file input-v5.cif (mmCIF, C-alpha atoms)
data_data
#
loop_
_atom_site.label_atom_id
_atom_site.label_comp_id
_atom_site.auth_asym_id
_atom_site.auth_seq_id
_atom_site.Cartn_x
_atom_site.Cartn_y
_atom_site.Cartn_z
CA MET C 1 -25.65 46.33 -4.64
CA LYS C 2 -23.74 45.66 -1.39
CA ARG C 3 -26.46 43.25 -0.23
CA LYS C 4 -26.19 41.31 -3.51
CA THR C 5 -22.41 41.22 -3.18
CA LYS C 6 -22.61 39.94 0.39
CA LEU C 7 -25.20 37.32 -0.60
CA GLY C 8 -23.05 36.23 -3.53
CA ASN C 9 -20.02 35.91 -1.28
CA ARG C 10 -21.98 33.80 1.20
CA LEU C 11 -23.24 31.53 -1.57
CA LEU C 12 -19.70 31.19 -2.91
CA LEU C 13 -18.36 30.29 0.54
CA ALA C 14 -21.14 27.74 1.03
CA LEU C 15 -20.45 26.18 -2.37
CA SER C 16 -16.72 26.05 -1.61
CA GLY C 17 -17.46 24.36 1.69
CA CYS C 18 -19.62 21.73 -0.02
CA LEU C 19 -16.91 21.04 -2.59
CA ALA C 20 -14.27 20.77 0.11
CA ALA C 21 -16.43 18.36 2.09
CA ALA C 22 -17.04 16.24 -1.00
CA THR C 23 -13.31 16.15 -1.74
CA ALA C 24 -12.45 15.27 1.87
CA GLY C 25 -15.05 12.49 1.86
CA ALA C 26 -13.66 10.81 -1.25
CA ASN C 27 -11.55 7.74 -0.53
CA GLU C 28 -9.82 7.13 -3.85
CA ARG C 29 -6.14 6.25 -3.60
CA TYR C 30 -3.40 8.17 -5.36
CA PHE C 31 -0.78 5.55 -4.45
CA ALA C 32 -0.58 1.76 -4.48
CA TYR C 33 1.94 1.23 -1.65
CA SER C 34 1.83 4.50 0.31
CA TYR C 35 -1.28 4.97 2.45
CA GLU C 36 -2.79 8.46 2.68
CA PRO C 37 -4.08 9.82 6.03
CA GLU C 38 -7.69 10.40 4.92
CA THR C 39 -10.28 7.98 6.33
CA MET C 40 -13.79 7.01 5.15
CA PRO C 41 -16.80 9.16 6.10
CA GLN C 42 -19.00 7.61 8.76
CA GLY C 43 -21.41 5.05 7.29
CA ALA C 44 -19.67 4.85 3.89
CA TRP C 45 -18.87 1.48 2.29
CA GLU C 46 -16.27 0.46 -0.24
CA VAL C 47 -15.12 -2.84 -1.76
CA GLU C 48 -11.59 -3.21 -3.11
CA GLN C 49 -9.69 -5.74 -5.20
CA TRP C 50 -5.91 -5.80 -4.82
CA THR C 51 -3.65 -7.61 -7.30
CA THR C 52 0.10 -7.54 -6.62
CA LEU C 53 2.74 -9.22 -8.79
CA ARG C 54 6.22 -9.75 -7.40
CA ALA C 55 8.37 -11.09 -10.23
CA GLY C 56 12.00 -11.79 -11.07
CA ARG C 57 14.56 -13.76 -9.08
CA ASN C 58 17.50 -15.64 -10.60
CA ALA C 59 19.06 -19.05 -11.29
CA ALA C 60 21.59 -18.66 -8.47
CA VAL C 61 18.80 -19.05 -5.92
CA GLY C 62 17.05 -21.74 -7.99
CA GLN C 63 14.05 -19.63 -8.96
CA THR C 64 13.96 -18.63 -12.63
CA GLY C 65 10.70 -17.33 -14.07
CA TYR C 66 9.65 -16.41 -10.52
CA GLN C 67 6.13 -15.01 -10.07
CA ASN C 68 4.25 -14.39 -6.85
CA TRP C 69 0.64 -13.20 -7.21
CA GLU C 70 -0.90 -11.71 -4.05
CA LEU C 71 -4.68 -11.31 -4.20
CA ARG C 72 -6.67 -9.38 -1.59
CA HIS C 73 -10.46 -9.05 -1.54
CA SER C 74 -11.74 -6.45 0.93
CA ALA C 75 -14.71 -4.58 2.32
CA GLU C 76 -14.13 -1.20 3.98
CA TYR C 77 -16.46 0.71 6.32
CA GLY C 78 -16.34 4.12 7.94
CA VAL C 79 -17.20 3.41 11.59
CA THR C 80 -16.78 7.11 12.40
CA ASP C 81 -15.36 10.00 10.42
CA ARG C 82 -12.00 9.23 12.06
CA TYR C 83 -12.01 5.43 12.32
CA THR C 84 -12.08 3.16 9.26
CA LEU C 85 -12.31 -0.64 9.44
CA GLU C 86 -11.39 -2.93 6.52
CA VAL C 87 -11.55 -6.74 6.35
CA TYR C 88 -9.42 -8.68 3.83
CA ALA C 89 -9.38 -12.24 2.51
CA ASN C 90 -5.83 -12.96 1.31
CA GLU C 91 -4.61 -15.45 -1.32
CA ASN C 92 -1.19 -16.21 -2.78
CA ILE C 93 -0.04 -18.02 -5.94
CA GLU C 94 3.71 -18.67 -6.30
CA SER C 95 5.43 -20.27 -9.29
CA PHE C 96 9.04 -20.72 -10.45
CA ARG C 97 11.43 -23.16 -12.10
CA ASP C 98 14.50 -24.63 -10.42
CA PRO C 99 17.08 -24.94 -13.25
CA MET C 100 19.46 -27.03 -11.14
CA ALA C 101 16.83 -29.65 -10.29
CA GLY C 102 14.99 -29.29 -13.61
CA THR C 103 11.64 -28.99 -11.83
CA SER C 104 8.82 -26.46 -11.75
CA SER C 105 6.70 -25.50 -8.77
CA THR C 106 3.32 -23.81 -8.42
CA THR C 107 1.60 -23.42 -5.06
CA PHE C 108 -1.66 -21.80 -3.98
CA THR C 109 -1.99 -20.60 -0.39
CA PHE C 110 -4.88 -19.07 1.48
CA ASP C 111 -3.12 -16.44 3.59
CA GLY C 112 -5.97 -15.95 6.02
CA ILE C 113 -8.13 -13.04 7.13
CA SER C 114 -6.75 -9.66 8.13
CA VAL C 115 -8.49 -6.72 9.81
CA GLU C 116 -7.18 -3.24 9.04
CA ASN C 117 -7.79 -0.45 11.54
CA ARG C 118 -7.05 3.19 10.68
CA TYR C 119 -7.55 6.08 13.09
CA LEU C 120 -7.22 9.69 11.94
CA VAL C 121 -5.31 11.66 14.59
CA LEU C 122 -4.72 14.88 12.62
CA ASN C 123 -7.03 15.74 9.73
CA PRO C 124 -4.97 17.09 6.79
CA ALA C 125 -7.85 19.47 5.97
CA GLU C 126 -7.35 21.16 9.37
CA ASN C 127 -3.61 20.74 10.04
CA PRO C 128 -0.32 21.35 8.20
CA VAL C 129 0.23 17.59 8.03
CA GLY C 130 -2.27 14.75 8.30
CA LEU C 131 -1.53 11.86 10.68
CA THR C 132 -3.19 8.44 10.83
CA LEU C 133 -2.28 5.41 12.95
CA TYR C 134 -2.72 1.94 11.46
CA ALA C 135 -2.82 -1.60 12.84
CA GLU C 136 -3.58 -4.78 10.89
CA PRO C 137 -3.54 -8.27 12.44
CA ARG C 138 -3.70 -11.29 10.12
CA PHE C 139 -4.35 -14.95 11.00
CA SER C 140 -4.47 -18.04 8.78
CA GLY C 141 -4.43 -20.88 11.30
CA VAL C 142 -0.76 -21.84 10.78
CA GLN C 143 0.76 -18.36 10.64
CA ALA C 144 0.01 -14.82 11.76
CA GLU C 145 1.19 -11.27 11.22
CA MET C 146 0.87 -7.94 12.97
CA GLU C 147 1.53 -4.79 10.94
CA GLU C 148 1.67 -1.21 12.22
CA LYS C 149 2.02 2.04 10.29
CA VAL C 150 2.47 5.72 10.97
CA ILE C 151 0.87 7.52 8.01
CA LEU C 152 1.66 11.14 7.14
CA GLY C 153 0.41 13.16 4.19
CA GLN C 154 -0.99 16.38 2.78
CA ARG C 155 -2.35 18.04 -0.36
CA HIS C 156 -0.91 21.26 -1.81
CA GLY C 157 -3.05 22.45 -4.70
CA ASP C 158 -2.82 19.82 -7.45
CA TRP C 159 -0.02 18.00 -5.62
CA LYS C 160 -0.39 15.29 -3.00
CA TRP C 161 2.19 13.37 -0.96
CA ALA C 162 2.17 10.57 1.59
CA PHE C 163 4.88 9.03 3.76
CA ASN C 164 4.57 5.79 5.75
CA LEU C 165 6.76 4.22 8.42
CA VAL C 166 5.93 0.50 8.62
CA HIS C 167 6.80 -2.33 10.99
CA SER C 168 5.47 -5.88 10.96
CA THR C 169 6.11 -9.18 12.71
CA ASP C 170 5.46 -12.51 10.94
CA TRP C 171 5.03 -15.80 12.79
CA THR C 172 5.36 -18.71 10.31
CA ARG C 173 5.91 -22.50 10.27
CA HIS C 174 3.18 -23.04 12.86
CA PHE C 175 4.52 -20.07 14.88
CA HIS C 176 8.02 -21.56 15.27
CA THR C 177 9.70 -18.84 13.16
CA THR C 178 9.59 -15.10 13.76
CA GLU C 179 10.63 -12.42 11.29
CA GLY C 180 10.54 -8.67 11.58
CA GLU C 181 10.06 -6.33 8.64
CA VAL C 182 10.75 -2.60 8.47
CA GLU C 183 9.59 -0.46 5.58
CA ALA C 184 9.40 3.17 4.48
CA ASP C 185 7.09 4.29 1.65
CA LEU C 186 6.92 7.68 -0.04
CA GLY C 187 4.51 8.79 -2.75
CA ILE C 188 4.23 12.09 -4.63
CA ALA C 189 1.53 12.67 -7.26
CA ARG C 190 -0.09 15.48 -9.21
CA ASP C 191 -3.62 15.85 -10.59
CA LEU C 192 -3.36 16.03 -14.38
CA THR C 193 -7.09 16.34 -15.11
CA LYS C 194 -10.34 15.98 -13.19
CA HIS C 195 -10.00 12.19 -13.36
CA TRP C 196 -6.30 11.41 -13.83
CA ALA C 197 -3.28 11.75 -11.52
CA ALA C 198 0.30 10.55 -11.92
CA GLY C 199 3.45 10.50 -9.82
CA LEU C 200 6.23 8.43 -8.31
CA GLU C 201 6.46 5.96 -5.44
CA LEU C 202 9.55 4.98 -3.48
CA ARG C 203 9.59 1.82 -1.35
CA ASP C 204 12.37 0.62 0.97
CA HIS C 205 11.74 -2.87 2.42
CA ASN C 206 13.98 -4.65 4.95
CA GLU C 207 13.91 -8.04 6.72
CA VAL C 208 15.18 -8.84 10.21
CA PRO C 209 14.87 -12.63 10.91
CA ASP C 210 14.24 -13.40 14.58
CA TYR C 211 15.15 -9.76 15.29
CA HIS C 212 18.78 -10.87 15.58
CA ALA C 213 20.39 -9.32 12.49
CA TRP C 214 19.42 -7.06 9.59
CA GLU C 215 19.40 -9.56 6.71
CA ASN C 216 18.66 -7.53 3.57
CA SER C 217 17.32 -4.33 2.09
CA ALA C 218 15.66 -3.54 -1.24
CA VAL C 219 14.73 -0.16 -2.69
CA TYR C 220 12.03 0.23 -5.36
CA LEU C 221 11.20 3.34 -7.37
CA GLY C 222 8.69 3.75 -10.19
CA PRO C 223 5.64 5.48 -11.63
CA VAL C 224 2.13 5.41 -10.21
CA VAL C 225 -1.03 6.45 -12.06
CA SER C 226 -4.60 6.71 -10.75
CA TYR C 227 -8.02 7.24 -12.32
CA ARG C 228 -11.19 8.19 -10.45
CA ARG C 229 -14.88 8.62 -11.14
CA SER C 230 -17.76 9.52 -8.82
CA ASN C 231 -18.14 6.02 -7.35
CA TRP C 232 -15.07 4.02 -8.43
CA TRP C 233 -11.32 4.40 -8.83
CA ALA C 234 -8.21 2.46 -9.86
CA THR C 235 -4.50 2.86 -9.05
CA LEU C 236 -1.52 1.16 -10.72
CA ALA C 237 2.14 1.28 -9.63
CA VAL C 238 5.08 -0.34 -11.44
CA LEU C 239 8.17 -0.36 -9.22
CA PRO C 240 11.47 -1.91 -10.38
CA GLN C 241 14.09 -2.68 -7.76
CA ILE C 242 16.83 -0.07 -8.20
CA TYR C 243 19.11 -1.23 -5.38
CA GLY C 244 19.35 -4.21 -3.07
CA ILE C 245 21.83 -5.76 -0.70
CA ASN C 246 22.23 -9.03 1.21
CA LEU C 247 23.95 -8.35 4.51
CA ILE C 248 24.24 -11.95 5.77
CA SER C 249 24.68 -14.08 2.63
CA ASP C 250 25.16 -13.55 -1.09
CA LEU C 251 23.28 -16.51 -2.53
CA ASP C 252 22.01 -14.58 -5.53
CA LYS C 253 25.57 -13.57 -6.60
CA ASN C 254 24.30 -10.07 -7.32
CA HIS C 255 26.08 -7.12 -5.68
CA HIS C 256 23.58 -4.43 -6.70
CA LEU C 257 20.18 -6.12 -6.20
CA ASP C 258 18.62 -8.55 -3.72
CA LEU C 259 17.13 -11.34 -5.81
CA GLU C 260 17.00 -13.92 -3.02
CA SER C 261 14.35 -12.50 -0.67
CA HIS C 262 13.09 -9.72 -2.93
CA GLU C 263 12.03 -9.53 -6.57
CA ARG C 264 13.16 -7.45 -9.51
CA TRP C 265 9.65 -6.03 -10.00
CA ASN C 266 6.78 -5.02 -7.72
CA ILE C 267 3.57 -4.25 -9.62
CA ARG C 268 0.27 -3.48 -7.89
CA LEU C 269 -3.23 -2.67 -9.17
CA ILE C 270 -5.99 -1.64 -6.75
CA PHE C 271 -9.60 -1.21 -7.88
CA GLY C 272 -12.25 0.26 -5.57
CA ILE C 273 -16.03 0.75 -5.77
CA GLN C 274 -17.73 3.16 -3.34
CA PHE C 275 -21.28 2.87 -1.98
#

call {"tool": "encode", "arguments": {"input": "input-v5.cif", "output": "structure tokens"}}
result
Amino acid sequence: MKRKTKLGNRLLLALSGCLAAATAGANERYFAYSYEPETMPQGAWEVEQWTTLRAGRNAAVGQTGYQNWELRHSAEYGVTDRYTLEVYANENIESFRDPMAGTSSTTFTFDGISVENRYLVLNPAENPVGLTLYAEPRFSGVQAEMEEKVILGQRHGDWKWAFNLVHSTDWTRHFHTTEGEVEADLGIARDLTKHWAAGLELRDHNEVPDYHAWENSAVYLGPVVSYRRSNWWATLAVLPQIYGINLISDLDKNHHLDLESHERWNIRLIFGIQF
């Protein structure tokens, strides 16, 4: 009887280990803006389609009906169990109406190629908090960007959280203009069923032109929902701007939101297929 019990315990431990490994190897995203520390298993492939809508400025800045669609097409590869590489092709479609001039504008821009690098420093399966370092250069020929992130996160039963500190530098107008951006992202979600999870995301985005003065700040908060299957997943976040401020000018004539450099709504859908 004791032998059977010991054998059963060993089989149970082995099965638990396999399930844990399968869970750790999955790369589905619980959040649309907040990166999680987990990286791809070595040799694994995934393709992703990102669609982001930034909508809602106002007549004071000459941009009614404002919509900015950001499209990203990517392929992701696990170089090692700790290092994940992802290559993006980036596109942008911007449209709005200027009520003062009585004109409408729609522009399509190819925003270049970017290469995302993520290195897992502390595995959340082995440490109290997971830690991943992130660097993503982007180049389009006439402009460039360098983005860095410190990614923290962990799972506690059915709950999962992630926190990102983000900095980026943009060189635009044929590299004659420099702008810094500072951002903090926080996501908290809970598994509702085997396939569904839901939670909240908080995003605080700030711009520092030429690194001379802090120009503005916008805070977004809203729901995020994700769905996952064995080889594909999808994540949707709808974040309204709940507070914004212009520290240098007040062109939008709004004392509670920033509708000059930021939008009233940030909506993002990410769809991924694993191989």

call {"tool": "closest_atom_pairs", "arguments": {"input": "input-v5.cif", "of": "region 66-128 of chain C", "to": "region 147-153 of chain C", "cutoff": "12 Å", "atoms": "all atoms listed in the file", "output": "JSON lines"}}
result
{"residue": "C:Ser114", "atom": "CA", "partner": "C:Glu147", "partner_atom": "CA", "distance": 10.0}
{"residue": "C:Val115", "atom": "CA", "partner": "C:Glu147", "partner_atom": "CA", "distance": 10.3}
{"residue": "C:Glu116", "atom": "CA", "partner": "C:Glu147", "partner_atom": "CA", "distance": 9.0}
{"residue": "C:Asn117", "atom": "CA", "partner": "C:Glu148", "partner_atom": "CA", "distance": 9.5}
{"residue": "C:Arg118", "atom": "CA", "partner": "C:Lys149", "partner_atom": "CA", "distance": 9.2}
{"residue": "C:Tyr119", "atom": "CA", "partner": "C:Ile151", "partner_atom": "CA", "distance": 9.9}
{"residue": "C:Leu120", "atom": "CA", "partner": "C:Ile151", "partner_atom": "CA", "distance": 9.3}
{"residue": "C:Val121", "atom": "CA", "partner": "C:Ile151", "partner_atom": "CA", "distance": 9.9}
{"residue": "C:Leu122", "atom": "CA", "partner": "C:Leu152", "partner_atom": "CA", "distance": 9.2}
{"residue": "C:Asn123", "atom": "CA", "partner": "C:Gly153", "partner_atom": "CA", "distance": 9.6}
{"residue": "C:Pro124", "atom": "CA", "partner": "C:Gly153", "partner_atom": "CA", "distance": 7.2}
{"residue": "C:Ala125", "atom": "CA", "partner": "C:Gly153", "partner_atom": "CA", "distance": 10.5}
{"residue": "C:Asn127", "atom": "CA", "partner": "C:Gly153", "partner_atom": "CA", "distance": 10.4}
{"residue": "C:Pro128", "atom": "CA", "partner": "C:Gly153", "partner_atom": "CA", "distance": 9.1}

call {"tool": "resolve_selection", "arguments": {"input": "input-v5.cif", "expression": "the PyMOL selection byres ((chain C and resi 29) around 9)", "output": "MDAnalysis selection string"}}
result
chainID C and resid 27:28 30:32 35:36 226:228 233:235 270 272

call {"tool": "write_last_selection", "arguments": {"input": "input-v5.cif", "atoms": "C-alpha atoms", "output": "CSV table (one decimal), in the frame of the given file"}}
result
chain,number,residue,atom,x,y,z
C,27,ASN,CA,-11.6,7.7,-0.5
C,28,GLU,CA,-9.8,7.1,-3.8
C,30,TYR,CA,-3.4,8.2,-5.4
C,31,PHE,CA,-0.8,5.6,-4.4
C,32,ALA,CA,-0.6,1.8,-4.5
C,35,TYR,CA,-1.3,5.0,2.4
C,36,GLU,CA,-2.8,8.5,2.7
C,226,SER,CA,-4.6,6.7,-10.8
C,227,TYR,CA,-8.0,7.2,-12.3
C,228,ARG,CA,-11.2,8.2,-10.4
C,233,TRP,CA,-11.3,4.4,-8.8
C,234,ALA,CA,-8.2,2.5,-9.9
C,235,THR,CA,-4.5,2.9,-9.0
C,270,ILE,CA,-6.0,-1.6,-6.8
C,272,GLY,CA,-12.2,0.3,-5.6

call {"tool": "atom_distance", "arguments": {"input": "input-v5.cif", "atom1": "CA of Ile93 (chain C)", "atom2": "CA of Trp69 (chain C)"}}
result
5.0 Å

call {"tool": "resolve_selection", "arguments": {"input": "input-v5.cif", "expression": "the PyMOL selection byres ((chain C and resi 98-108) around 7)", "output": "ChimeraX atom specification"}}
result
/C:59,62-64,92-97,109-110

call {"tool": "resolve_selection", "arguments": {"input": "input-v5.cif", "expression": "the PyMOL selection byres ((chain C and resi 39) around 10)", "output": "ChimeraX atom specification"}}
result
/C:24-27,36-38,40-42,77-85,118-120,123,132

call {"tool": "write_last_selection", "arguments": {"input": "input-v5.cif", "atoms": "C-alpha atoms", "output": "short mmCIF file (atom, residue, chain, number, x, y, z; two decimals), in the coordinates of the input"}}
result
data_model
loop_
_atom_site.label_atom_id
_atom_site.label_comp_id
_atom_site.auth_asym_id
_atom_site.auth_seq_id
_atom_site.Cartn_x
_atom_site.Cartn_y
_atom_site.Cartn_z
CA ALA C 24 -12.45 15.27 1.87
CA GLY C 25 -15.05 12.49 1.86
CA ALA C 26 -13.66 10.81 -1.25
CA ASN C 27 -11.55 7.74 -0.53
CA GLU C 36 -2.79 8.46 2.68
CA PRO C 37 -4.08 9.82 6.03
CA GLU C 38 -7.69 10.40 4.92
CA MET C 40 -13.79 7.01 5.15
CA PRO C 41 -16.80 9.16 6.10
CA GLN C 42 -19.00 7.61 8.76
CA TYR C 77 -16.46 0.71 6.32
CA GLY C 78 -16.34 4.12 7.94
CA VAL C 79 -17.20 3.41 11.59
CA THR C 80 -16.78 7.11 12.40
CA ASP C 81 -15.36 10.00 10.42
CA ARG C 82 -12.00 9.23 12.06
CA TYR C 83 -12.01 5.43 12.32
CA THR C 84 -12.08 3.16 9.26
CA LEU C 85 -12.31 -0.64 9.44
CA ARG C 118 -7.05 3.19 10.68
CA TYR C 119 -7.55 6.08 13.09
CA LEU C 120 -7.22 9.69 11.94
CA ASN C 123 -7.03 15.74 9.73
CA THR C 132 -3.19 8.44 10.83
#

call {"tool": "closest_residue", "arguments": {"input": "input-v5.cif", "among": "C:Phe275, C:Val142, C:His205, C:Asp210", "to": "Ile245 (chain C)", "atoms": "all atoms listed in the file"}}
result
C:His205

call {"tool": "closest_residue", "arguments": {"input": "input-v5.cif", "among": "C:Ala55, C:Leu186, C:Glu91, C:Glu46", "to": "Ser74 (chain C)", "atoms": "only C-alpha atoms"}}
result
C:Glu46

call {"tool": "residues_near_point", "arguments": {"input": "input-v5.cif", "point": "(8.0, 3.0, 9.1)", "cutoff": "7 Å", "atoms": "all atoms listed in the file", "output": "list in words"}}
result
Lys149, Val150, Asn164, Leu165, Val166, His167, Val182, Glu183 and Ala184 of chain C

call {"tool": "atom_distance", "arguments": {"input": "input-v5.cif", "atom1": "CA of Val219 (chain C)", "atom2": "CA of Pro240 (chain C)"}}
result
8.5 Å

call {"tool": "atom_distance", "arguments": {"input": "input-v5.cif", "atom1": "CA of Ile242 (chain C)", "atom2": "CA of Leu200 (chain C)"}}
result
13.6 Å

call {"tool": "residues_near_point", "arguments": {"input": "input-v5.cif", "point": "(-10.1, -4.7, 3.3)", "cutoff": "6 Å", "atoms": "only C-alpha atoms", "output": "list in words"}}
result
Ser74, Ala75, Glu76, Glu86, Val87 and Tyr88 of chain C

call {"tool": "residues_around", "arguments": {"input": "input-v5.cif", "residues": "Ala198 (chain C)", "least_positions_apart": "5", "cutoff": "8 Å", "atoms": "all atoms listed in the file", "output": "ChimeraX atom specification"}}
result
/C:30,189-192,223-226
